[in-house]
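J.: Structure file run32.pdb (PDB, C-alpha atoms, pLDDT in the B column) is given on the next line.
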ATOM      1  CA  MET B   1       0.170  21.386 -43.745  1.00 43.00           C
ATOM      2  CA  THR B   2      -0.422  24.323 -41.410  1.00 51.00           C
ATOM      3  CA  GLU B   3       0.552  22.371 -38.273  1.00 54.00           C
ATOM      4  CA  ARG B   4       4.156  23.525 -38.631  1.00 57.00           C
ATOM      5  CA  ILE B   5       3.242  27.238 -38.611  1.00 61.00           C
ATOM      6  CA  ASN B   6       3.457  28.702 -35.116  1.00 68.00           C
ATOM      7  CA  VAL B   7       0.617  30.443 -33.313  1.00 67.00           C
ATOM      8  CA  ALA B   8       1.840  33.996 -33.977  1.00 72.00           C
ATOM      9  CA  THR B   9       1.978  33.418 -37.734  1.00 75.00           C
ATOM     10  CA  LYS B  10      -1.435  31.751 -37.787  1.00 73.00           C
ATOM     11  CA  THR B  11      -2.919  34.583 -35.752  1.00 74.00           C
ATOM     12  CA  LEU B  12      -1.456  37.186 -38.114  1.00 79.00           C
ATOM     13  CA  LEU B  13      -2.769  35.343 -41.183  1.00 78.00           C
ATOM     14  CA  ASN B  14      -6.144  35.021 -39.499  1.00 76.00           C
ATOM     15  CA  ARG B  15      -6.323  38.766 -38.835  1.00 80.00           C
ATOM     16  CA  VAL B  16      -5.314  39.550 -42.431  1.00 84.00           C
ATOM     17  CA  ARG B  17      -8.079  37.219 -43.606  1.00 82.00           C
ATOM     18  CA  ALA B  18     -10.586  38.975 -41.322  1.00 81.00           C
ATOM     19  CA  VAL B  19      -9.588  42.428 -42.630  1.00 85.00           C
ATOM     20  CA  ILE B  20      -9.834  41.208 -46.243  1.00 88.00           C
ATOM     21  CA  ALA B  21     -13.327  39.892 -45.473  1.00 84.00           C
ATOM     22  CA  LEU B  22     -14.264  43.274 -43.975  1.00 85.00           C
ATOM     23  CA  ILE B  23     -12.992  45.096 -47.084  1.00 89.00           C
ATOM     24  CA  PHE B  24     -14.854  42.602 -49.309  1.00 90.00           C
ATOM     25  CA  TRP B  25     -18.164  43.285 -47.552  1.00 87.00           C
ATOM     26  CA  ILE B  26     -17.620  47.038 -47.702  1.00 87.00           C
ATOM     27  CA  ILE B  27     -17.052  46.731 -51.482  1.00 90.00           C
ATOM     28  CA  ILE B  28     -20.224  44.627 -51.738  1.00 88.00           C
ATOM     29  CA  GLY B  29     -22.025  47.407 -49.806  1.00 87.00           C
ATOM     30  CA  ILE B  30     -20.718  50.052 -52.227  1.00 87.00           C
ATOM     31  CA  ILE B  31     -21.835  47.946 -55.214  1.00 88.00           C
ATOM     32  CA  ALA B  32     -25.280  47.589 -53.600  1.00 84.00           C
ATOM     33  CA  PHE B  33     -25.359  51.361 -52.996  1.00 84.00           C
ATOM     34  CA  VAL B  34     -24.589  52.100 -56.668  1.00 84.00           C
ATOM     35  CA  TRP B  35     -27.077  49.491 -57.899  1.00 83.00           C
ATOM     36  CA  ILE B  36     -29.873  50.730 -55.626  1.00 80.00           C
ATOM     37  CA  ASN B  37     -29.040  54.399 -56.376  1.00 80.00           C
ATOM     38  CA  ASP B  38     -29.419  53.790 -60.130  1.00 78.00           C
ATOM     39  CA  GLY B  39     -32.955  52.516 -59.628  1.00 70.00           C
ATOM     40  CA  TYR B  40     -36.004  54.100 -58.109  1.00 67.00           C
ATOM     41  CA  TYR B  41     -34.872  53.634 -54.493  1.00 70.00           C
ATOM     42  CA  ASP B  42     -32.485  56.596 -54.044  1.00 71.00           C
ATOM     43  CA  ASP B  43     -33.587  57.128 -50.444  1.00 75.00           C
ATOM     44  CA  PHE B  44     -32.557  53.599 -49.445  1.00 75.00           C
ATOM     45  CA  ALA B  45     -29.234  53.431 -51.265  1.00 78.00           C
ATOM     46  CA  TRP B  46     -27.277  54.116 -48.051  1.00 81.00           C
ATOM     47  CA  LEU B  47     -28.588  50.775 -46.677  1.00 81.00           C
ATOM     48  CA  GLY B  48     -26.256  48.990 -49.107  1.00 81.00           C
ATOM     49  CA  ILE B  49     -23.139  50.548 -47.580  1.00 82.00           C
ATOM     50  CA  VAL B  50     -24.403  50.188 -43.998  1.00 88.00           C
ATOM     51  CA  GLY B  51     -25.417  46.561 -44.637  1.00 87.00           C
ATOM     52  CA  GLY B  52     -22.039  45.716 -46.156  1.00 86.00           C
ATOM     53  CA  LEU B  53     -20.231  47.433 -43.282  1.00 87.00           C
ATOM     54  CA  VAL B  54     -22.317  45.652 -40.619  1.00 88.00           C
ATOM     55  CA  ILE B  55     -21.864  42.242 -42.251  1.00 86.00           C
ATOM     56  CA  GLY B  56     -18.134  42.940 -42.665  1.00 83.00           C
ATOM     57  CA  ILE B  57     -17.703  43.892 -38.991  1.00 85.00           C
ATOM     58  CA  ILE B  58     -19.684  40.867 -37.822  1.00 84.00           C
ATOM     59  CA  ARG B  59     -17.587  38.607 -40.049  1.00 80.00           C
ATOM     60  CA  LEU B  60     -14.428  40.268 -38.709  1.00 78.00           C
ATOM     61  CA  PHE B  61     -15.315  39.287 -35.138  1.00 79.00           C
ATOM     62  CA  ILE B  62     -16.552  35.824 -36.098  1.00 77.00           C
ATOM     63  CA  ILE B  63     -13.381  35.018 -38.025  1.00 71.00           C
ATOM     64  CA  ASN B  64     -11.129  36.359 -35.266  1.00 67.00           C
ATOM     65  CA  ASP B  65     -12.964  34.539 -32.487  1.00 67.00           C
ATOM     66  CA  LYS B  66     -13.469  31.246 -34.297  1.00 64.00           C
ATOM     67  CA  TYR B  67     -10.044  30.754 -35.823  1.00 62.00           C
ATOM     68  CA  ALA B  68      -8.004  32.329 -33.025  1.00 58.00           C
ATOM     69  CA  TRP B  69      -9.648  29.878 -30.607  1.00 57.00           C
ATOM     70  CA  GLN B  70      -8.847  26.932 -32.874  1.00 60.00           C
ATOM     71  CA  VAL B  71      -5.226  27.996 -33.366  1.00 58.00           C
ATOM     72  CA  ALA B  72      -4.668  28.439 -29.633  1.00 56.00           C
ATOM     73  CA  THR B  73      -6.308  25.118 -28.884  1.00 63.00           C
ATOM     74  CA  ILE B  74      -4.115  23.236 -31.354  1.00 64.00           C
ATOM     75  CA  GLU B  75      -0.997  24.828 -29.863  1.00 65.00           C
ATOM     76  CA  GLU B  76      -2.171  24.109 -26.313  1.00 68.00           C
ATOM     77  CA  ILE B  77      -2.827  20.473 -27.179  1.00 71.00           C
ATOM     78  CA  ARG B  78       0.681  20.200 -28.601  1.00 73.00           C
ATOM     79  CA  ASP B  79       2.163  21.746 -25.444  1.00 74.00           C
ATOM     80  CA  ILE B  80       0.174  19.450 -23.170  1.00 74.00           C
ATOM     81  CA  LYS B  81       1.254  16.462 -25.236  1.00 77.00           C
ATOM     82  CA  LYS B  82       4.920  17.449 -24.791  1.00 78.00           C
ATOM     83  CA  ILE B  83       4.442  17.874 -21.046  1.00 76.00           C
ATOM     84  CA  LEU B  84       2.792  14.486 -20.769  1.00 74.00           C
ATOM     85  CA  GLU B  85       5.509  12.821 -22.802  1.00 74.00           C
ATOM     86  CA  THR B  86       8.255  14.206 -20.572  1.00 73.00           C
ATOM     87  CA  ASN B  87       6.520  14.092 -17.201  1.00 66.00           C
ATOM     88  CA  GLY B  88       4.155  11.200 -17.863  1.00 60.00           C
ATOM     89  CA  LYS B  89       6.878   8.634 -17.328  1.00 61.00           C
ATOM     90  CA  GLU B  90       7.656  10.112 -13.912  1.00 59.00           C
ATOM     91  CA  ILE B  91       3.969  10.201 -12.981  1.00 59.00           C
ATOM     92  CA  ASN B  92       3.402   6.627 -14.134  1.00 59.00           C
ATOM     93  CA  SER B  93       6.443   5.360 -12.250  1.00 57.00           C
ATOM     94  CA  SER B  94       5.356   7.088  -9.039  1.00 56.00           C
ATOM     95  CA  ILE B  95       1.809   5.759  -9.397  1.00 55.00           C
ATOM     96  CA  SER B  96       3.042   2.216  -9.977  1.00 56.00           C
ATOM     97  CA  ALA B  97       5.464   2.508  -7.036  1.00 55.00           C
ATOM     98  CA  ASP B  98       2.624   3.661  -4.773  1.00 55.00           C
ATOM     99  CA  SER B  99       0.378   0.810  -5.897  1.00 56.00           C
ATOM    100  CA  GLU B 100       3.193  -1.711  -5.375  1.00 54.00           C
ATOM    101  CA  GLU B 101       3.736  -0.385  -1.856  1.00 54.00           C
ATOM    102  CA  LYS B 102       0.031  -0.722  -1.111  1.00 55.00           C
ATOM    103  CA  LYS B 103       0.009  -4.265  -2.451  1.00 51.00           C
ATOM    104  CA  LEU B 104       2.973  -5.154  -0.288  1.00 49.00           C
ATOM    105  CA  GLU B 105       1.568  -3.524   2.856  1.00 51.00           C
ATOM    106  CA  LYS B 106       1.126  -5.903   5.728  1.00 51.00           C
ATOM    107  CA  LYS B 107      -2.456  -6.158   6.897  1.00 62.00           C
ATOM    108  CA  GLU B 108      -3.905  -8.587   9.346  1.00 67.00           C
ATOM    109  CA  PRO B 109      -4.818 -11.834   7.611  1.00 68.00           C
ATOM    110  CA  THR B 110      -8.378 -13.109   7.720  1.00 70.00           C
ATOM    111  CA  ILE B 111      -8.926 -16.554   9.172  1.00 77.00           C
ATOM    112  CA  ARG B 112     -11.029 -18.887   7.059  1.00 79.00           C
ATOM    113  CA  GLU B 113     -12.938 -21.756   8.508  1.00 81.00           C
ATOM    114  CA  GLY B 114     -10.863 -24.928   8.578  1.00 83.00           C
ATOM    115  CA  TYR B 115      -7.550 -23.015   8.642  1.00 86.00           C
ATOM    116  CA  GLU B 116      -5.353 -21.615  11.358  1.00 88.00           C
ATOM    117  CA  ILE B 117      -2.671 -18.957  11.210  1.00 86.00           C
ATOM    118  CA  ILE B 118       0.856 -19.909  12.292  1.00 86.00           C
ATOM    119  CA  GLU B 119       4.150 -18.066  12.401  1.00 85.00           C
ATOM    120  CA  LYS B 120       7.250 -19.692  10.938  1.00 83.00           C
ATOM    121  CA  ASP B 121      10.637 -17.972  10.442  1.00 82.00           C
ATOM    122  CA  GLY B 122       9.078 -14.568  11.213  1.00 84.00           C
ATOM    123  CA  LYS B 123       6.382 -15.022   8.537  1.00 87.00           C
ATOM    124  CA  LYS B 124       2.691 -15.734   8.906  1.00 86.00           C
ATOM    125  CA  PHE B 125       1.145 -18.658   7.055  1.00 85.00           C
ATOM    126  CA  ALA B 126      -2.189 -20.382   6.994  1.00 86.00           C
ATOM    127  CA  ILE B 127      -2.361 -24.149   7.389  1.00 87.00           C
ATOM    128  CA  VAL B 128      -5.246 -26.579   7.296  1.00 87.00           C
ATOM    129  CA  LYS B 129      -6.347 -27.552  10.816  1.00 85.00           C
ATOM    130  CA  ASN B 130      -5.196 -31.068  11.615  1.00 81.00           C
ATOM    131  CA  GLY B 131      -3.428 -31.126   8.233  1.00 79.00           C
ATOM    132  CA  ASN B 132       0.185 -31.414   7.162  1.00 79.00           C
ATOM    133  CA  PRO B 133       2.072 -28.412   8.662  1.00 77.00           C
ATOM    134  CA  ASP B 134       4.494 -28.443   5.707  1.00 80.00           C
ATOM    135  CA  ASN B 135       1.675 -27.418   3.310  1.00 85.00           C
ATOM    136  CA  VAL B 136       1.448 -23.673   3.891  1.00 87.00           C
ATOM    137  CA  TYR B 137      -0.939 -21.175   2.375  1.00 88.00           C
ATOM    138  CA  CYS B 138      -1.030 -17.413   2.029  1.00 88.00           C
ATOM    139  CA  PRO B 139      -2.999 -16.048   5.014  1.00 86.00           C
ATOM    140  CA  TYR B 140      -4.602 -13.419   2.751  1.00 86.00           C
ATOM    141  CA  CYS B 141      -5.731 -15.287  -0.367  1.00 85.00           C
ATOM    142  CA  TYR B 142      -5.172 -18.914   0.737  1.00 86.00           C
ATOM    143  CA  THR B 143      -3.060 -19.894  -2.264  1.00 85.00           C
ATOM    144  CA  GLN B 144      -0.598 -22.680  -1.522  1.00 85.00           C
ATOM    145  CA  ILE B 145       2.900 -21.190  -1.449  1.00 86.00           C
ATOM    146  CA  ASN B 146       6.511 -22.084  -0.839  1.00 85.00           C
ATOM    147  CA  PRO B 147       7.512 -21.187   2.764  1.00 83.00           C
ATOM    148  CA  LYS B 148      10.810 -19.761   1.460  1.00 85.00           C
ATOM    149  CA  PHE B 149       9.011 -16.921  -0.339  1.00 82.00           C
ATOM    150  CA  ASP B 150       8.686 -13.512   1.327  1.00 84.00           C
ATOM    151  CA  THR B 151       5.565 -12.503  -0.649  1.00 85.00           C
ATOM    152  CA  CYS B 152       2.602 -14.389  -2.023  1.00 85.00           C
ATOM    153  CA  ILE B 153       2.831 -15.255  -5.718  1.00 81.00           C
ATOM    154  CA  ASN B 154      -0.884 -14.626  -6.147  1.00 81.00           C
ATOM    155  CA  CYS B 155      -1.706 -11.443  -4.185  1.00 83.00           C
ATOM    156  CA  ASN B 156       1.824 -10.011  -3.740  1.00 82.00           C
ATOM    157  CA  LYS B 157       1.334  -9.368  -0.019  1.00 85.00           C
ATOM    158  CA  LYS B 158       4.160  -9.778   2.464  1.00 83.00           C
ATOM    159  CA  LEU B 159       3.927 -12.875   4.566  1.00 77.00           C
TER
END
Kindly return the structure encoded in the file as structure tokens.

T.:
Amino acid sequence: MTERINVATKTLLNRVRAVIALIFWIIIGIIAFVWINDGYYDDFAWLGIVGGLVIGIIRLFIINDKYAWQVATIEEIRDIKKILETNGKEINSSISADSEEKKLEKKEPTIREGYEIIEKDGKKFAIVKNGNPDNVYCPYCYTQINPKFDTCINCNKKL
């Protein structure tokens, strides 16, 4: 319910709550003063007011610190979520573009035993030694491929 209230309003309500708590504890201190003063402990009656005031001040700082931190955090999370929603698509697209470029980078193929690397139509292929030269394989992952393809269907590397 309170998610729709902005940070300034929540902070104001939080401070009002803290002041009300301070006033409440001062009233409790006054009641303790009157109650102790009516008994045999007249010399210690001032402890009621001081105790109420101290507890009220401590509560004032605890309420302000605790709830102000929570309110700011909720608002910050909302702001970060908005930033990620708007910029996240751009970041994801640039990351995927970089990874695609790395996948498509041309590196030197490794030669497996029983294969040899040949060049056909400006592309490198692996073929089985003493085998059919029409059966070509990717020189990187050794998956059989169509020689008309520019990239391997398995590892996406340029041939």

J.: For the structure shown, which residues end up in the PyMOL selection byres ((chain B and resi 143) around 12)? Put them as a PyMOL selection string, please?

T.: chain B and resi 125-128+135-142+144-147+151-157

J.: What separation in Å, quoted to one decimal, exists between CA of Arg17 in chain B and CA of Lys81 in chain B?

T.: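 So the two atoms, CA of Arg17 in chain B and CA of Lys81 in chain B, lie 29.2 Å apart.
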
J.: List the residues selected by the PyMOL selection byres ((chain B and resi 60) around 8) in the file shown, writing them as a ChimeraX atom specification.

T.: /B:18-19,21-22,56-59,61-64

J.: Generate a file of the selected residues that holds C-alpha atoms, formatted as a short mmCIF file (atom, residue, chain, number, x, y, z; two decimals), in the coordinates of the input.

T.:
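Full text of part.cif as output:
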data_model
loop_
_atom_site.label_atom_id
_atom_site.label_comp_id
_atom_site.auth_asym_id
_atom_site.auth_seq_id
_atom_site.Cartn_x
_atom_site.Cartn_y
_atom_site.Cartn_z
CA ALA B 18 -10.59 38.98 -41.32
CA VAL B 19 -9.59 42.43 -42.63
CA ALA B 21 -13.33 39.89 -45.47
CA LEU B 22 -14.26 43.27 -43.98
CA GLY B 56 -18.13 42.94 -42.66
CA ILE B 57 -17.70 43.89 -38.99
CA ILE B 58 -19.68 40.87 -37.82
CA ARG B 59 -17.59 38.61 -40.05
CA PHE B 61 -15.32 39.29 -35.14
CA ILE B 62 -16.55 35.82 -36.10
CA ILE B 63 -13.38 35.02 -38.02
CA ASN B 64 -11.13 36.36 -35.27
#

J.: So how many Å separate CA of Ile83 in chain B and CA of Leu13 in chain B, to one decimal?

T.: 27.6 Å

J.: Have a look at CA of Glu113 in chain B and CA of Lys129 in chain B and let me know their distance in Å, one decimal.

T.: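 Computing it gives 9.1 Å between the two atoms.
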
J.: In file coordinates, which residues lie within 8 Å of (-28.6, 49.4, -55.4) using only C-alpha atoms, given as a ChimeraX atom specification?

T.: /B:31-39,41,45,48

J.: I'd like the neighbourhood of Asn130 in chain B as a list in words, where a residue qualifies if any of its atoms comes within 12 Å (using all atoms listed in the file), though same-chain residues fewer than 5 positions away should be ignored.

T.: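 These residues fall inside the cut-off: Gly114, Tyr115, Glu116 and Asn135 of chain B.
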
J.: Could you name the residues that touch Asp150 in chain B at 9 Å or less, counting all atoms listed in the file, but leaving out those on the same chain fewer than 6 positions away, as a list in words?

T.: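 That gives Lys123, Lys157, Lys158 and Leu159 of chain B.
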
J.: What would the selection look like, as a ChimeraX atom specification, if the PyMOL selection byres ((chain B and resi 51-54) around 6) were run on the coordinates I just shared?

T.: /B:25-26,28-29,47-50,55-57

J.: Step by step, gather every atom of range 13-20 of chain B that the file lists, find the box along x, y and z that holds them, add 8 Å on each side, and finally give centre and edge lengths in Å to one decimal, as lines of an AutoDock Vina configuration file.

T.:
center_x = -6.7
center_y = 38.7
center_z = -42.5
size_x = 23.8
size_y = 23.4
size_z = 23.4
